[in-house]
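A short write-up of the structure that comes next.
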Amino acid sequence: MTTFLVYSLTAALLAGLGVHGLITRRHLLRQIMALNVIAGGVFLLLISTAYRNQGDFADPVPQAMVLTGIVVAISSTAFALALLRRIYVAQGQAQDEAQDEAQGQAQMDAQANDVSTPRDESTP
Amino acid sequence: MTPSLVFDLLLAGALLLVSWRLLQASDLFQATVLFISFGLFLALAWVRLHAPDIALAEAAVGAGLAGVLLFGTFKRIEPQPGPSSQRPGSGDEPFSASSCRLDQAAACPGRFHYLVAGVGAATLTALLVLAVLELPRHGVGLTGIVAQNLGSSGVDHPVTAVLLNFRLYDTWLELGVLLLALMGVFGVRGAHDLRGLPMRSTASPVARRLVGLLGPLVVLVAAYLLWLGDHAPGGAFQAGVVLAAGLVLLRLTGLPSVDRLPRTALLSCVVVGFAAILLLAVLTTLAPHSFPLKYPSAWAGSLILALEAAATVSIGVTLAALVALVLVVDDQ
C-alpha cells in the first residue's frame, strides 16, 4: 500500500505547512488560504484511509464526510472573506478619520503660526 | 518503480511545492493563482485515490468558486495608488496598506515569532507522521458494512447511500451550516435582500452571449449529475456546486441570476433542502415503529431523489448568493 503511505504522509506535511503559514503570515487573506491548505491536508488524510479500506469500492463513509466538508469549507471561507472586507472598510474609515484629524491639527498649527509670522507667499 | 508510483510521487511533490509557495509568495496575486492550482492538483489526487465524487465537487469548488471569491476580494482590498503607498514589489508584502493584517505595522511578527511557529508546526507534523505510520497497512473500515446494507438503501452508489440514507444527519447539518453562513454574510454586509446589490459593469457582448448559451447547459449538467447519483459518481453536492458556478457566471456577466429573485423566492430556495429533511425527521419521529430519519425501504429510492433535488437547489442558490454578497462592489 505505498499509494496510501505517499498520500497520507503528504497530507500530514500539508497540515503542518498550513499551520505554519497560519501562525507566521499576518495578512488575513493569507491566513484564510492557510486554513484552506489545512483543510486540504485533513481531506487528503481521510480519503487516503478510504483508499486503504478498499473492498468492492473505496470506503464511502470518509468520502461522504469529505464531500460535506468541502461545502462547509467554502461557506466558511466566504464568511471569512466577508468579515475581511468589513474589517478593510472599517480600517479605511479609521485611517481617513486619522488623516482628517492630522490635517485639521496641521491647519490649526499653520493658523497659529500665521498670527506670529507673516504669511508665506508660496502657500495658498 | 511502477509508473503509477512515479505519478503519485510527482503529484505529492507538486501539492507540497504549490502549498509552500502559496503561503510564502511575496505577491498576493501570485498566491491567489497558486491557490487555484492547489485546488486542481487536489482534484487530481482525488481521482487517483478512487474518489471521483470528491474530484467533481473539488474541481467546481476548490478551483472555481474559491478562486472567484479570493480574486474578487484581492481586487477589492488592493489599495488605490496614492502618494503614501509604497511601490508594489518592495519589501515582503507588496502593498503597504495590506501588509500585516491589512495595515498594522505594530502587529508584524518578529524573528522569535517565526522560530516558535516553525518549532510548533514541525512538532505537529512529526506527530501526524508518526500517527500515520502507526496505522495498520490494511484496514477494512466501514466498507463491508456499507456493502452489506447497500441493497436496502434505495440506491446503487455507495457514496450516495451514505450521504442520503445511512448518515443523512451529516447532510442535514451541513445544509444548516450553509444556511448559517449565508445569514452571517447577510449580517456582516448589513443587507437583507440581493436585489438591492449594485450591478457590476456589463461584460463584453461576446462574453454575455457565450454565458447566455452556457446557462441552459449548466442546468442540464446539474440535472444529469443529480440523476446519475443514483448509480454512479454524482449526486446532490456535485449538482449543487455546478449550479452555483453557473449562477455565479451569470451574475458576473450581468445576466439575470440569484440577484433577480424576489426575497421570498430566494429564501425558499435557500431553506428548501434543510426544511425537506426536517419534515422527514418530524414525520419519521411521529410515525409508529420507526426511528427518526429512517426511511421505509419501499419508498427509499424516490425519497432520496426528492431530498437530493431539494438539497441541490439549496446548495446551488446559497453558494451563488454567498459569492454575490462577498463580491459586491462597495460604494465607498
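Going through the C-alpha cells in order, the chains are called A, B, and so on, while each chain numbers its residues from 1 and the ligands are numbered from 1 in the order shown.
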Practice problem: Identify all chain A residues at most 6 Å from chain B by counting only C-alpha atoms; ligands do not count. Present them as a ChimeraX atom specification. | Solution: /A:12-13,16,19-21,24,26-28,51,53,59-60,64,67,75,79,82
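Residues with any atom within 9 Å of Arg195 (chain B), counting only C-alpha atoms and excluding same-chain neighbours fewer than 5 positions away, are Val258, Asp259, Arg260, Leu261, Pro262 and Arg263 of chain B.
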Quiz item: Any idea what the distance is between CA of Ala34 (chain A) and CA of Leu34 (chain B)?
Solution: 12.1 Å
Selection near Phe43 (chain A), 9 Å with only C-alpha atoms, sequence-local residues under 5 positions removed, as a short mmCIF file (atom, residue, chain, number, x, y, z; two decimals) with C-alpha atoms, in the first residue's frame:
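Writing the result to selection_28.cif gives the following:
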```
data_model
loop_
_atom_site.label_atom_id
_atom_site.label_comp_id
_atom_site.auth_asym_id
_atom_site.auth_seq_id
_atom_site.Cartn_x
_atom_site.Cartn_y
_atom_site.Cartn_z
CA ALA A 11 -1.47 15.09 4.00
CA ILE A 38 -5.00 22.71 6.43
CA SER A 48 -6.21 8.10 1.66
CA PRO A 62 -14.86 9.13 4.72
CA GLN A 63 -15.75 10.16 1.15
CA MET A 65 -17.56 13.23 5.21
CA VAL A 66 -15.12 14.99 2.86
CA GLY A 69 -16.52 19.10 4.48
CA ILE A 70 -15.76 20.73 1.10
#
```
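Closest approach to Gln54 (chain A) among A:Leu17, A:Ala98, A:Phe4, A:Thr10: A:Phe4, based on only C-alpha atoms.
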Quiz item: Could you name the residues that touch Leu255 (chain B) at 9 Å or less, counting only C-alpha atoms, but leaving out those on the same chain fewer than 4 positions away, as a PyMOL selection string?
Solution: chain B and resi 202+208+211-212+249-251
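Interatomic distance, CA of Leu210 (chain B) against CA of Ala310 (chain B): 28.4 Å.
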Self-check item: Pairwise distance for CA of Gly234 (chain B) and CA of Ser268 (chain B), rounded to one decimal in Å
Solution: 24.4 Å
